[in-house]
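Engineer: File input.cif below, mmCIF, C-alpha atoms:
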data_coords
loop_
_atom_site.label_atom_id
_atom_site.label_comp_id
_atom_site.auth_asym_id
_atom_site.auth_seq_id
_atom_site.Cartn_x
_atom_site.Cartn_y
_atom_site.Cartn_z
CA MET A 30 95.53 141.57 102.99
CA VAL A 31 93.23 138.74 102.03
CA THR A 32 91.67 138.70 98.56
CA LEU A 33 88.86 136.67 97.09
CA ALA A 34 91.33 135.10 94.68
CA GLN A 35 92.98 133.26 97.55
CA THR A 36 92.37 129.83 98.96
CA VAL A 37 93.01 129.03 102.61
CA ARG A 38 92.74 125.81 104.54
CA PRO A 39 92.21 124.91 108.20
CA HIS A 40 95.41 124.86 110.23
CA PRO A 41 96.40 121.22 110.92
CA ASP A 42 96.55 121.97 114.65
CA VAL A 43 92.90 122.96 114.83
CA VAL A 44 90.20 120.56 116.00
CA ASP A 45 86.79 121.57 114.68
CA THR A 46 83.43 120.27 115.82
CA THR A 47 80.03 121.26 114.48
CA LEU A 48 77.14 121.06 116.91
CA ASP A 49 73.50 120.26 116.30
CA THR A 50 72.77 123.96 116.83
CA GLY A 51 74.67 124.78 113.66
CA GLU A 52 77.56 126.37 115.53
CA THR A 53 81.12 125.17 115.18
CA VAL A 54 83.72 125.16 117.92
CA LEU A 55 87.37 125.39 116.98
CA LEU A 56 90.14 124.45 119.39
CA HIS A 57 93.70 125.39 118.52
CA LEU A 58 95.93 122.67 119.93
CA ASP A 59 98.93 124.98 120.37
CA SER A 60 97.26 127.79 122.27
CA LYS A 61 94.45 125.59 123.70
CA THR A 62 92.06 128.40 122.86
CA TYR A 63 88.45 127.79 121.87
CA TYR A 64 86.68 129.79 119.17
CA SER A 65 83.07 129.51 118.12
CA LEU A 66 81.56 130.14 114.72
CA ASN A 67 77.92 131.04 114.17
CA LEU A 68 75.80 129.49 111.44
CA THR A 69 77.26 131.70 108.70
CA GLY A 70 80.78 131.15 109.98
CA THR A 71 80.15 127.41 110.02
CA GLN A 72 79.08 127.44 106.39
CA ILE A 73 82.21 129.34 105.42
CA TRP A 74 84.37 126.99 107.51
CA GLN A 75 82.88 123.91 105.85
CA ASP A 76 83.64 125.39 102.45
CA LEU A 77 87.19 126.22 103.53
CA LYS A 78 87.64 122.60 104.56
CA GLN A 79 86.68 121.59 101.03
CA GLY A 80 89.49 123.75 99.67
CA LEU A 81 87.22 126.13 97.80
CA PRO A 82 88.56 129.54 96.68
CA LEU A 83 87.18 132.44 98.68
CA GLN A 84 85.35 133.77 95.61
CA GLU A 85 83.44 130.52 95.31
CA ILE A 86 82.71 130.49 99.04
CA SER A 87 81.23 133.96 98.75
CA ARG A 88 79.12 132.87 95.81
CA ARG A 89 77.76 129.94 97.79
CA LEU A 90 77.03 132.21 100.72
CA GLN A 91 75.00 134.50 98.47
CA ALA A 92 72.96 131.55 97.26
CA ARG A 93 72.41 130.04 100.71
CA PHE A 94 71.45 133.18 102.56
CA GLU A 95 70.15 135.35 99.72
CA VAL A 96 72.49 138.24 100.47
CA GLU A 97 74.02 140.85 98.22
CA PRO A 98 77.35 139.91 96.61
CA GLU A 99 79.19 142.78 98.30
CA ARG A 100 77.92 141.79 101.72
CA ALA A 101 78.84 138.15 101.17
CA ASP A 102 82.31 139.14 100.00
CA ARG A 103 82.81 141.31 103.08
CA SER A 104 81.64 138.51 105.40
CA VAL A 105 83.99 135.96 103.87
CA LEU A 106 86.98 138.29 103.86
CA ALA A 107 86.36 139.49 107.42
CA LEU A 108 86.07 135.99 108.80
CA VAL A 109 89.12 134.73 106.94
CA GLU A 110 91.13 137.72 108.20
CA ASP A 111 90.11 136.77 111.73
CA LEU A 112 90.90 133.10 111.21
CA LEU A 113 94.31 133.97 109.78
CA GLN A 114 95.06 136.32 112.65
CA HIS A 115 94.39 133.53 115.14
CA GLN A 116 96.24 130.99 113.03
CA LEU A 117 93.14 128.89 112.59
CA VAL A 118 93.69 128.75 108.83
CA GLN A 119 96.70 129.06 106.61
CA PRO A 120 97.05 130.11 102.97
CA LEU A 121 97.09 127.25 100.57
CA GLU A 122 100.45 127.14 98.86
CA ALA A 123 100.31 127.36 95.09
CA MET B 10 75.44 108.34 150.79
CA ALA B 11 77.45 105.90 148.74
CA ARG B 12 78.49 105.58 145.15
CA LEU B 13 78.19 102.52 142.95
CA VAL B 14 80.83 102.11 140.28
CA ILE B 15 79.33 100.12 137.42
CA GLU B 16 81.44 98.54 134.72
CA LEU B 17 78.84 98.73 131.97
CA THR B 18 80.84 96.83 129.40
CA ASN B 19 84.29 95.46 128.75
CA ARG B 20 84.01 96.58 125.16
CA CYS B 21 86.52 99.23 124.18
CA ASN B 22 87.42 101.04 120.99
CA LEU B 23 91.03 101.63 122.01
CA ARG B 24 93.89 99.25 122.77
CA CYS B 25 95.92 101.19 125.27
CA GLN B 26 99.45 100.08 126.03
CA HIS B 27 98.95 100.31 129.77
CA CYS B 28 95.51 98.75 130.04
CA TYR B 29 95.84 96.01 132.60
CA ASP B 30 92.56 94.48 131.64
CA GLU B 31 92.97 92.66 128.39
CA ARG B 32 89.35 91.61 128.56
CA HIS B 33 88.66 94.97 126.98
CA ALA B 34 88.92 93.33 123.63
CA GLY B 35 85.67 91.67 124.69
CA THR B 36 82.02 92.25 123.98
CA GLY B 37 80.45 91.62 127.38
CA GLU B 38 78.04 94.06 128.93
CA LEU B 39 75.80 94.33 131.95
CA SER B 40 72.20 93.56 131.05
CA LEU B 41 69.61 96.30 131.09
CA ALA B 42 67.48 94.12 133.38
CA MET B 43 70.31 94.00 135.91
CA ILE B 44 70.78 97.75 135.72
CA GLU B 45 67.07 98.34 136.21
CA ARG B 46 67.20 96.10 139.27
CA VAL B 47 70.11 98.10 140.66
CA LEU B 48 68.12 101.28 140.11
CA ARG B 49 65.18 99.83 142.01
CA GLU B 50 67.30 98.63 144.94
CA GLY B 51 70.08 101.21 145.06
CA HIS B 52 68.37 104.00 147.00
CA GLY B 53 67.48 101.49 149.71
CA CYS B 54 71.18 100.69 150.06
CA GLY B 55 72.13 104.33 150.51
CA ILE B 56 73.40 104.74 146.94
CA ASP B 57 72.75 108.04 145.24
CA HIS B 58 75.49 108.22 142.61
CA LEU B 59 76.31 105.84 139.77
CA ALA B 60 79.74 106.06 138.17
CA PHE B 61 80.02 104.23 134.87
CA THR B 62 83.28 102.66 133.79
CA GLY B 63 84.35 100.02 131.30
CA GLY B 64 85.93 99.33 128.85
CA GLU B 65 84.49 102.40 127.25
CA PRO B 66 81.15 102.62 129.07
CA THR B 67 79.46 104.63 126.36
CA LEU B 68 79.83 101.65 124.02
CA HIS B 69 77.17 99.78 125.96
CA ARG B 70 74.59 99.22 123.25
CA GLN B 71 71.83 100.66 125.45
CA PHE B 72 73.76 103.52 126.97
CA ALA B 73 71.09 106.11 126.11
CA THR B 74 68.34 103.95 127.61
CA ILE B 75 70.45 103.48 130.74
CA VAL B 76 71.08 107.20 131.14
CA ARG B 77 67.38 107.97 130.81
CA ALA B 78 66.49 105.25 133.33
CA VAL B 79 69.10 106.62 135.76
CA CYS B 80 67.57 110.08 135.50
CA ALA B 81 64.02 108.75 135.85
CA ALA B 82 65.06 106.88 139.00
CA ASP B 83 66.62 110.09 140.33
CA TYR B 84 70.27 109.09 140.65
CA LEU B 85 73.23 111.28 139.94
CA PHE B 86 75.64 109.84 137.42
CA SER B 87 79.07 110.34 135.94
CA PHE B 88 81.31 108.31 133.69
CA VAL B 89 84.81 107.91 132.39
CA SER B 90 85.45 108.02 128.66
CA ASN B 91 88.14 108.28 126.06
CA GLY B 92 86.00 110.95 124.41
CA ALA B 93 85.53 109.25 121.06
CA THR B 94 81.75 108.98 121.34
CA LEU B 95 81.03 112.46 122.72
CA PRO B 96 80.09 113.89 119.32
CA GLN B 97 77.19 111.44 119.26
CA LEU B 98 76.40 111.62 122.99
CA TYR B 99 76.30 115.28 123.94
CA PRO B 100 72.60 115.82 123.13
CA LEU B 101 71.80 112.97 125.55
CA LEU B 102 73.99 114.50 128.24
CA ARG B 103 72.39 117.89 127.68
CA GLU B 104 69.01 116.25 128.20
CA ALA B 105 70.28 114.52 131.36
CA ARG B 106 72.06 117.61 132.69
CA PRO B 107 70.18 117.88 136.03
CA HIS B 108 71.45 114.41 136.99
CA PHE B 109 74.77 114.47 135.17
CA ARG B 110 77.73 115.24 137.41
CA GLY B 111 80.44 115.07 134.76
CA VAL B 112 82.60 113.03 132.47
CA THR B 113 86.22 112.20 133.18
CA PHE B 114 88.28 112.03 130.03
CA SER B 115 91.28 109.75 130.04
CA LEU B 116 94.15 111.87 128.83
CA ASP B 117 97.54 110.28 129.32
CA GLY B 118 99.72 112.97 127.87
CA ALA B 119 99.72 116.74 127.86
CA ARG B 120 101.22 116.38 124.41
CA ALA B 121 99.49 114.62 121.54
CA ALA B 122 102.48 112.41 120.78
CA THR B 123 102.66 111.12 124.36
CA HIS B 124 98.95 110.39 124.65
CA ASP B 125 98.74 108.79 121.22
CA ARG B 126 101.77 106.61 121.93
CA LEU B 127 99.90 105.10 124.86
CA ARG B 128 96.37 105.13 123.47
CA GLY B 129 96.61 105.10 119.70
CA GLN B 130 97.00 107.57 116.86
CA GLY B 131 94.36 110.28 116.81
CA SER B 132 93.03 109.62 120.28
CA TYR B 133 94.37 112.93 121.65
CA ARG B 134 92.35 114.88 119.12
CA GLN B 135 89.27 112.90 120.11
CA VAL B 136 89.66 114.08 123.70
CA MET B 137 90.17 117.65 122.53
CA ARG B 138 87.05 117.47 120.39
CA ALA B 139 85.10 116.06 123.34
CA ALA B 140 86.35 118.85 125.60
CA SER B 141 85.26 121.41 122.99
CA LEU B 142 81.77 119.96 122.99
CA CYS B 143 81.60 120.03 126.77
CA ILE B 144 82.65 123.67 126.84
CA MET B 145 80.09 124.66 124.24
CA GLN B 146 77.30 122.70 125.92
CA ASP B 147 78.22 123.59 129.51
CA LEU B 148 78.82 119.95 130.42
CA PRO B 149 81.28 119.50 133.30
CA PHE B 150 84.39 117.48 132.61
CA THR B 151 87.65 116.54 134.28
CA LEU B 152 90.81 114.86 133.07
CA ASN B 153 92.46 111.72 134.37
CA MET B 154 96.08 110.92 133.62
CA VAL B 155 97.53 107.52 134.46
CA LEU B 156 101.18 108.08 135.23
CA THR B 157 103.65 105.87 133.42
CA ALA B 158 107.32 105.99 132.55
CA HIS B 159 106.30 107.63 129.27
CA ASN B 160 104.41 110.62 130.68
CA ARG B 161 105.67 111.27 134.21
CA ASP B 162 107.51 114.39 133.03
CA GLU B 163 104.27 115.98 131.87
CA VAL B 164 102.52 116.39 135.22
CA THR B 165 102.95 120.15 135.43
CA GLU B 166 102.10 120.55 131.76
CA MET B 167 98.93 118.50 132.28
CA VAL B 168 97.73 120.77 135.05
CA LYS B 169 98.26 123.79 132.81
CA LEU B 170 96.44 122.04 129.99
CA ALA B 171 93.48 121.20 132.23
CA ALA B 172 93.19 124.83 133.28
CA ARG B 173 93.52 126.06 129.72
CA LEU B 174 90.85 123.67 128.45
CA GLY B 175 88.35 124.66 131.13
CA SER B 176 88.43 121.31 132.87
CA ALA B 177 87.03 121.25 136.40
CA GLY B 178 90.19 119.49 137.48
CA VAL B 179 92.77 116.86 136.82
CA ARG B 180 93.36 113.62 138.64
CA PHE B 181 96.52 111.56 138.50
CA GLY B 182 96.18 107.82 138.69
CA TRP B 183 98.71 105.10 139.20
CA LEU B 184 99.56 102.29 136.87
CA MET B 185 99.55 98.98 138.68
CA PRO B 186 102.40 96.79 137.46
CA THR B 187 101.52 93.71 135.46
CA PRO B 188 103.69 91.41 133.36
CA GLU B 189 102.50 93.37 130.31
CA THR B 190 103.36 96.80 131.69
CA ALA B 191 106.68 95.43 132.94
CA ALA B 192 107.53 94.04 129.52
CA ARG B 193 106.66 97.40 127.93
CA GLY B 194 108.78 99.39 130.37
CA LEU B 195 105.80 101.46 131.52
CA ASP B 196 106.07 101.07 135.29
CA LEU B 197 107.43 103.68 137.63
CA SER B 198 109.57 102.44 140.49
CA PRO B 199 108.35 103.13 144.04
CA ASN B 200 110.71 106.07 144.34
CA GLU B 201 109.67 107.45 140.97
CA ARG B 202 106.09 107.20 142.14
CA ARG B 203 106.91 109.14 145.27
CA ALA B 204 108.76 111.78 143.29
CA ALA B 205 105.69 112.23 141.09
CA GLU B 206 103.50 112.44 144.19
CA ALA B 207 105.71 115.23 145.50
CA VAL B 208 105.33 117.20 142.28
CA ILE B 209 101.56 116.75 142.38
CA ARG B 210 101.36 117.86 146.01
CA ARG B 211 103.25 121.05 145.18
CA LEU B 212 100.86 121.73 142.32
CA GLN B 213 97.84 121.13 144.52
CA SER B 214 98.59 124.21 146.56
CA ASP B 215 98.60 126.78 143.78
CA ALA B 216 97.08 125.25 140.64
CA PRO B 217 94.20 127.14 139.00
CA VAL B 218 92.18 123.91 138.83
CA ALA B 219 91.52 121.12 141.32
CA VAL B 220 94.42 118.67 141.31
CA SER B 221 93.96 115.31 142.95
CA MET B 222 95.54 111.91 143.17
CA ALA B 223 93.71 108.64 142.82
CA PRO B 224 94.06 106.27 145.76
CA GLY B 225 97.22 104.22 145.62
CA TYR B 226 99.74 106.89 146.55
CA PHE B 227 102.12 106.32 149.43
CA SER B 228 100.35 106.38 152.77
CA ALA B 229 102.29 106.55 156.00
CA SER B 230 99.36 104.93 157.74
CA PRO B 231 98.73 101.29 156.87
CA PHE B 232 95.02 102.05 157.06
CA PHE B 233 94.50 104.22 154.03
CA PRO B 234 90.80 105.09 153.88
CA CYS B 235 89.98 104.70 150.19
CA ALA B 236 86.30 104.94 149.32
CA PRO B 237 85.60 101.18 149.18
CA LEU B 238 87.30 100.56 152.52
CA ALA B 239 85.35 103.47 153.99
CA ARG B 240 82.28 101.71 152.54
CA GLN B 241 81.38 104.77 150.54
CA GLU B 242 81.81 103.03 147.21
CA TYR B 243 80.86 99.64 145.81
CA ASN B 244 81.87 98.14 142.52
CA LEU B 245 79.77 96.13 140.12
CA ASP B 246 81.45 94.51 137.13
CA TYR B 247 79.87 93.75 133.78
CA GLN B 248 79.21 90.15 134.80
CA GLY B 249 77.14 91.16 137.80
CA ASN B 250 79.90 90.59 140.34
CA VAL B 251 80.09 92.97 143.27
CA THR B 252 83.80 93.36 143.87
CA LEU B 253 86.01 95.18 146.33
CA CYS B 254 87.33 97.78 143.94
CA CYS B 255 87.19 98.75 140.28
CA GLN B 256 91.00 98.81 140.21
CA LEU B 257 91.05 95.12 141.03
CA SER B 258 88.18 94.08 138.85
CA GLY B 259 89.44 92.16 135.88
CA TYR B 260 93.11 92.51 136.80
CA ALA B 261 94.94 90.26 134.41
CA GLY B 262 96.80 87.37 135.99
CA GLY B 263 96.76 86.07 139.51
CA THR B 264 94.05 84.11 141.21
CA PRO B 265 90.69 85.00 139.68
CA GLY B 266 87.75 85.97 141.84
CA THR B 267 89.59 86.82 145.05
CA ASP B 268 88.04 90.29 145.01
CA VAL B 269 84.51 89.09 144.27
CA VAL B 270 82.06 89.58 147.11
CA GLY B 271 79.03 88.07 145.42
CA ASN B 272 77.04 88.09 142.23
CA LEU B 273 73.80 89.96 141.71
CA HIS B 274 72.38 87.03 139.79
CA ASP B 275 72.34 85.23 143.14
CA LEU B 276 71.97 88.07 145.64
CA SER B 277 69.93 91.18 146.11
CA LEU B 278 71.89 94.42 146.09
CA ALA B 279 71.22 94.79 149.82
CA GLU B 280 72.65 91.31 150.46
CA ALA B 281 75.69 92.06 148.31
CA VAL B 282 76.28 95.32 150.18
CA GLU B 283 76.11 93.49 153.49
CA GLN B 284 78.59 90.88 152.24
CA PHE B 285 80.79 93.70 151.01
CA ARG B 286 80.80 95.19 154.49
CA GLN B 287 81.72 91.83 156.02
CA ARG B 288 84.48 91.35 153.44
CA VAL B 289 85.94 94.78 154.19
CA ALA B 290 85.84 94.01 157.91
CA MET B 291 87.78 90.79 157.24
CA TYR B 292 90.25 92.68 155.08
CA LEU B 293 90.85 95.25 157.80
CA ALA B 294 91.22 92.54 160.46
CA ASP B 295 93.78 90.75 158.29
CA LYS B 296 95.67 93.99 157.83
CA ARG B 297 95.63 94.78 161.53
CA GLY B 298 97.06 91.34 162.16
CA LYS B 299 99.77 91.87 159.63
CA VAL B 300 100.72 95.22 161.11
CA SER B 301 100.75 93.83 164.64
CA ARG B 302 103.03 90.99 163.51
CA ASP B 303 105.37 93.56 161.98
CA GLU B 304 104.82 92.08 158.53
CA PHE B 305 103.85 95.34 156.87
CA GLY B 306 106.64 96.11 154.39
CA ALA B 307 107.69 99.34 152.72
CA LEU B 308 105.80 98.69 149.50
CA ASP B 309 102.67 97.87 151.49
CA HIS B 310 102.39 101.59 152.15
CA PHE B 311 101.22 101.92 148.55
CA PRO B 312 97.62 100.88 149.28
CA CYS B 313 96.61 99.50 145.88
CA TRP B 314 99.83 97.53 145.69
CA TYR B 315 99.04 96.07 149.08
CA CYS B 316 95.61 95.02 147.84
CA VAL B 317 96.81 93.33 144.67
CA GLN B 318 99.24 91.30 146.76
CA TYR B 319 96.70 90.57 149.47
CA LEU B 320 94.34 89.29 146.79
CA ASP B 321 97.08 87.45 144.88
CA LYS B 322 96.79 89.44 141.69
CA VAL B 323 100.46 89.74 140.70
CA PRO B 324 102.29 86.42 140.54
CA GLY B 325 103.32 87.16 136.97
CA LEU B 326 105.89 89.69 138.12
CA LYS B 327 108.03 86.84 139.38
CA GLN B 328 109.13 86.60 135.74
CA PHE B 329 110.75 90.01 136.17
CA PRO B 330 113.12 89.65 139.13
CA GLN B 331 114.74 93.03 138.45
CA HIS B 332 111.41 94.82 138.43
CA PRO B 333 111.34 97.30 141.33
CA TRP B 334 107.92 96.15 142.49
CA ALA B 335 108.77 92.46 142.15
CA HIS B 336 111.83 92.68 144.30
CA GLU B 337 110.08 92.87 147.63
CA LEU B 338 107.49 90.39 146.46
CA ALA B 339 110.22 87.89 145.58
CA ALA B 340 111.94 88.54 148.87
CA ARG B 341 108.71 87.98 150.72
CA LEU B 342 108.06 84.71 148.95
CA GLU B 343 111.51 83.58 150.06
CA GLY B 344 110.81 84.69 153.60
CA THR B 345 113.41 87.45 153.64
CA ILE B 346 111.24 90.45 154.17
CA ASP B 347 112.94 93.70 154.76
CA GLY B 348 111.32 96.98 154.48
CA HIS B 349 112.88 100.06 153.11
CA VAL B 350 112.83 101.56 149.69
CA SER B 351 116.28 102.41 148.48
CA ALA B 352 117.30 105.43 146.46
CA ASP B 353 117.15 103.62 143.15
CA GLY B 354 113.63 102.43 143.75
CA ALA B 355 114.44 98.82 144.46
CA THR B 356 113.83 97.37 147.86
CA ALA B 357 117.14 96.92 149.57
CA PRO B 358 117.96 93.96 151.80
#
Show how you would write the structure in this file as structure tokens.

Structural biologist:
Amino acid sequence: MVTLAQTVRPHPDVVDTTLDTGETVLLHLDSKTYYSLNLTGTQIWQDLKQGLPLQEISRRLQARFEVEPERADRSVLALVEDLLQHQLVQPLEA
Amino acid sequence: MARLVIELTNRCNLRCQHCYDERHAGTGELSLAMIERVLREGHGCGIDHLAFTGGEPTLHRQFATIVRAVCAADYLFSFVSNGATLPQLYPLLREARPHFRGVTFSLDGARAATHDRLRGQGSYRQVMRAASLCIMQDLPFTLNMVLTAHNRDEVTEMVKLAARLGSAGVRFGWLMPTPETAARGLDLSPNERRAAEAVIRRLQSDAPVAVSMAPGYFSASPFFPCAPLARQEYNLDYQGNVTLCCQLSGYAGGTPGTDVVGNLHDLSLAEAVEQFRQRVAMYLADKRGKVSRDEFGALDHFPCWYCVQYLDKVPGLKQFPQHPWAHELAARLEGTIDGHVSADGATAP
């Protein structure tokens, strides 16, 4: 179960590329599977790359897209759950 | 219709172990004026496809201008690349999509460590990033793997990788021995080459992607019909030379210029094409003579190897008498030609 208190980071075996459309494509070098992130997902991904805690990423999302805190929290947690499930990120060790 | 292979530049951002063209540390490039002339004259010579090589062709300082001119002149085009510049280039390729037939990424290992050992740290990830961009932008791409002693065990894995990445196919090319590749232990012996060919042929029948071999594989017939010899492909180097083949262009060592047909600073493209045809006819006549005199040895059945000898491109291998490709060459120089390839890859007396 992911919580907003956590920090995760991109898996070292993931190649990420952000396109001029605002989307990001992720390629996992082990599975050779592509994943795409929409504009919101890209913003979250960029913040994950900076090593920000999920709470802070949610806060930034609220500011960028003018969404309710609860909705931003849900978006961040849902995406990170997905990314963890596909081993595209890994928890940052304390 | 024919294809014109154009070496846009000898500039390259990588220093690959197996690159036989050490000029790629250079900064030369074909002028835009010359390219525009080729575009004006090419259709009249039956050329409809331009294939850009280098060096890294996308490092030509006017690559975007060239691509737009190619599209405006209604040619199809493709290019080879190590993928490093794709993050900057894909909008241009998207714009040129109706004329763009694909990019071939050089990928010399199914595994990152193998590829990076040959091409430099981080270069595998650059290809993967480039493939990601192509997938997202619906830009066709293929992979090309030059087989060496370091990666020959990854043929099957490479085919699986190509399929997994969404590549239109994978092509296996052959490293031509040079003193540098010999010193680095990169060369496959003739028998190792044939073993790799056998693996590739098996994969061709049931692979989920197109699997092909570049010319140079063993041919039972002495008259292997590669594209230049079939006069379906011409080669233009970055200095304006029309040459017999891009494989031979800039080959380090040997007698320089033996593969040059003419230079576009002195000739029209139509004149160069005509001289090319005459040169190929001479080449074929020489080969027929050699075959009729029973001088066609076992290693001559590897077509590119035959050409580099015919054009005196490999004298440096004499420094490596134990090298499996030098053995027959040395024997020939001493007038003791034999002709069969032994089990260990050397040519037996």

Engineer: Go through A:Pro41, A:Gln91, A:Gln116, A:Leu33 one by one, measure the shortest atom-to-atom distance of each to A:Lys78 using only C-alpha atoms, and give the residue with the smallest value.

Structural biologist: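 Under the stated criterion, the closest residue is A:Pro41.
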
Engineer: Give as a list of chain:residue names every residue of chain B that touches chain A within 7 Å, counting all atoms listed in the file.

Structural biologist: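 Output check: B:Arg134, B:Arg138, B:Ser141, B:Arg173, B:Leu174.
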
Engineer: Just say which residues the PyMOL selection byres ((chain B and resi 85) around 12) picks in this file, as a PyMOL selection string.

Structural biologist: chain B and resi 10-14+48+51-52+56-61+76-84+86-88+105-111

Engineer: How far is it from atom CA of B:Leu253 to atom CA of B:Cys235, in Å with one decimal?

Structural biologist: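 Between atom CA of B:Leu253 and atom CA of B:Cys235 the gap works out to 11.0 Å.
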
Engineer: Evaluating the PyMOL selection byres ((chain B and resi 205-221) around 8) on the displayed file yields which residues, as a list in words?

Structural biologist: Arg161, Val164, Thr165, Val168, Ala171, Ala172, Ser176, Ala177, Gly178, Val179, Arg180, Phe181, Glu201, Arg202, Arg203, Ala204, Met222, Ala223 and Tyr226 of chain B

Engineer: Quick one: which residues end up in the PyMOL selection byres ((chain A and resi 94-111) around 8) for this structure, as a list of chain:residue names?

Structural biologist: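 Answer for the PyMOL selection byres ((chain A and resi 94-111) around 8): A:Met30, A:Val31, A:Thr32, A:Leu33, A:Gly70, A:Ile73, A:Leu83, A:Gln84, A:Ile86, A:Ser87, A:Arg88, A:Leu90, A:Gln91, A:Ala92, A:Arg93, A:Leu112, A:Leu113, A:Gln114, A:His115, A:Val118.
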
Engineer: Those same residues - C-alpha atoms - I'd like them written as a PDB file, in the frame of the given file.

Structural biologist:
ATOM      1  CA  MET A  30      95.530 141.570 102.990  1.00  0.00           C
ATOM      2  CA  VAL A  31      93.230 138.740 102.030  1.00  0.00           C
ATOM      3  CA  THR A  32      91.670 138.700  98.560  1.00  0.00           C
ATOM      4  CA  LEU A  33      88.860 136.670  97.090  1.00  0.00           C
ATOM      5  CA  GLY A  70      80.780 131.150 109.980  1.00  0.00           C
ATOM      6  CA  ILE A  73      82.210 129.340 105.420  1.00  0.00           C
ATOM      7  CA  LEU A  83      87.180 132.440  98.680  1.00  0.00           C
ATOM      8  CA  GLN A  84      85.350 133.770  95.610  1.00  0.00           C
ATOM      9  CA  ILE A  86      82.710 130.490  99.040  1.00  0.00           C
ATOM     10  CA  SER A  87      81.230 133.960  98.750  1.00  0.00           C
ATOM     11  CA  ARG A  88      79.120 132.870  95.810  1.00  0.00           C
ATOM     12  CA  LEU A  90      77.030 132.210 100.720  1.00  0.00           C
ATOM     13  CA  GLN A  91      75.000 134.500  98.470  1.00  0.00           C
ATOM     14  CA  ALA A  92      72.960 131.550  97.260  1.00  0.00           C
ATOM     15  CA  ARG A  93      72.410 130.040 100.710  1.00  0.00           C
ATOM     16  CA  LEU A 112      90.900 133.100 111.210  1.00  0.00           C
ATOM     17  CA  LEU A 113      94.310 133.970 109.780  1.00  0.00           C
ATOM     18  CA  GLN A 114      95.060 136.320 112.650  1.00  0.00           C
ATOM     19  CA  HIS A 115      94.390 133.530 115.140  1.00  0.00           C
ATOM     20  CA  VAL A 118      93.690 128.750 108.830  1.00  0.00           C
TER      21      VAL A 118
END

Engineer: If you measure from atom CA of B:Pro188 to atom CA of B:Trp314, what distance in Å do you get, rounded to one decimal?

Structural biologist: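 Straight-line distance from atom CA of B:Pro188 to atom CA of B:Trp314 works out to 14.3 Å.
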
Engineer: Between atom CA of B:Thr157 and atom CA of B:Leu197, what is the spacing in Å?

Structural biologist: 6.1 Å

Engineer: So which one's closest to B:Ala239, B:Val155, B:Ala122, B:Met185, B:Leu293? Using all atoms listed in the file, please.

Structural biologist: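 Among the listed residues, the smallest separation from B:Ala239 belongs to B:Leu293.
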
Engineer: Write out as AutoDock Vina command-line options an axis-aligned box for stretch 183-198 of chain B: all of its atoms listed in the file, 8 Å added on each side, centre and edge lengths in Å with one decimal.

Structural biologist:
--center_x 104.1 --center_y 98.3 --center_z 134.2 --size_x 26.9 --size_y 29.7 --size_z 28.6

Engineer: As a PyMOL selection string, please: the residues near B:Thr67 (cut-off 8 Å, only C-alpha atoms, same-chain neighbours under 3 positions excluded).

Structural biologist: chain B and resi 70+72+90+94

Engineer: Just give me the residues with any atom within 9 Å of (100.7, 127.8, 105.0), file coordinates, counting only C-alpha atoms, written as number ranges by chain.

Structural biologist: A: 37-38, 40, 118-122

Engineer: Residues of the last selection are to be written out with C-alpha atoms, as an mmCIF file, in the coordinates of the input.

Structural biologist:
data_model
loop_
_atom_site.group_PDB
_atom_site.id
_atom_site.type_symbol
_atom_site.label_atom_id
_atom_site.label_comp_id
_atom_site.auth_asym_id
_atom_site.auth_seq_id
_atom_site.Cartn_x
_atom_site.Cartn_y
_atom_site.Cartn_z
ATOM 1 C CA VAL A 37 93.010 129.030 102.610
ATOM 2 C CA ARG A 38 92.740 125.810 104.540
ATOM 3 C CA HIS A 40 95.410 124.860 110.230
ATOM 4 C CA VAL A 118 93.690 128.750 108.830
ATOM 5 C CA GLN A 119 96.700 129.060 106.610
ATOM 6 C CA PRO A 120 97.050 130.110 102.970
ATOM 7 C CA LEU A 121 97.090 127.250 100.570
ATOM 8 C CA GLU A 122 100.450 127.140 98.860
#

Engineer: List the neighbours of B:Leu278 out to 9 Å using only C-alpha atoms; skip same-chain residues closer than 5 positions along the sequence, and give me the result as a PDB file with C-alpha atoms, in the frame of the given file.

Structural biologist:
ATOM      1  CA  ARG B  46      67.200  96.100 139.270  1.00  0.00           C
ATOM      2  CA  VAL B  47      70.110  98.100 140.660  1.00  0.00           C
ATOM      3  CA  GLU B  50      67.300  98.630 144.940  1.00  0.00           C
ATOM      4  CA  GLY B  51      70.080 101.210 145.060  1.00  0.00           C
ATOM      5  CA  CYS B  54      71.180 100.690 150.060  1.00  0.00           C
ATOM      6  CA  VAL B 251      80.090  92.970 143.270  1.00  0.00           C
ATOM      7  CA  LEU B 273      73.800  89.960 141.710  1.00  0.00           C
ATOM      8  CA  GLU B 283      76.110  93.490 153.490  1.00  0.00           C
TER       9      GLU B 283
END

Engineer: Name the closest residue to B:Leu156 among the candidates B:Val289, B:Cys143, B:Leu195, B:Val136; distances are taken between atoms, counting all atoms listed in the file.

Structural biologist: B:Leu195

Engineer: B:Asp321: which residues within 9 Å, counting all atoms listed in the file, same-chain residues fewer than 2 positions away excluded, as a list of chain:residue names?

Structural biologist: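 In the requested format, the answer is B:Gly262, B:Gly263, B:Thr264, B:Pro265, B:Thr267, B:Cys316, B:Val317, B:Gln318, B:Tyr319, B:Val323, B:Pro324.
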
Engineer: Closest to B:Tyr243 among B:Leu98, B:Val282, B:Val300, B:Gln256, using all atoms listed in the file?

Structural biologist: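 Between B:Leu98, B:Val282, B:Val300, B:Gln256, the residue approaching B:Tyr243 most closely is B:Val282.
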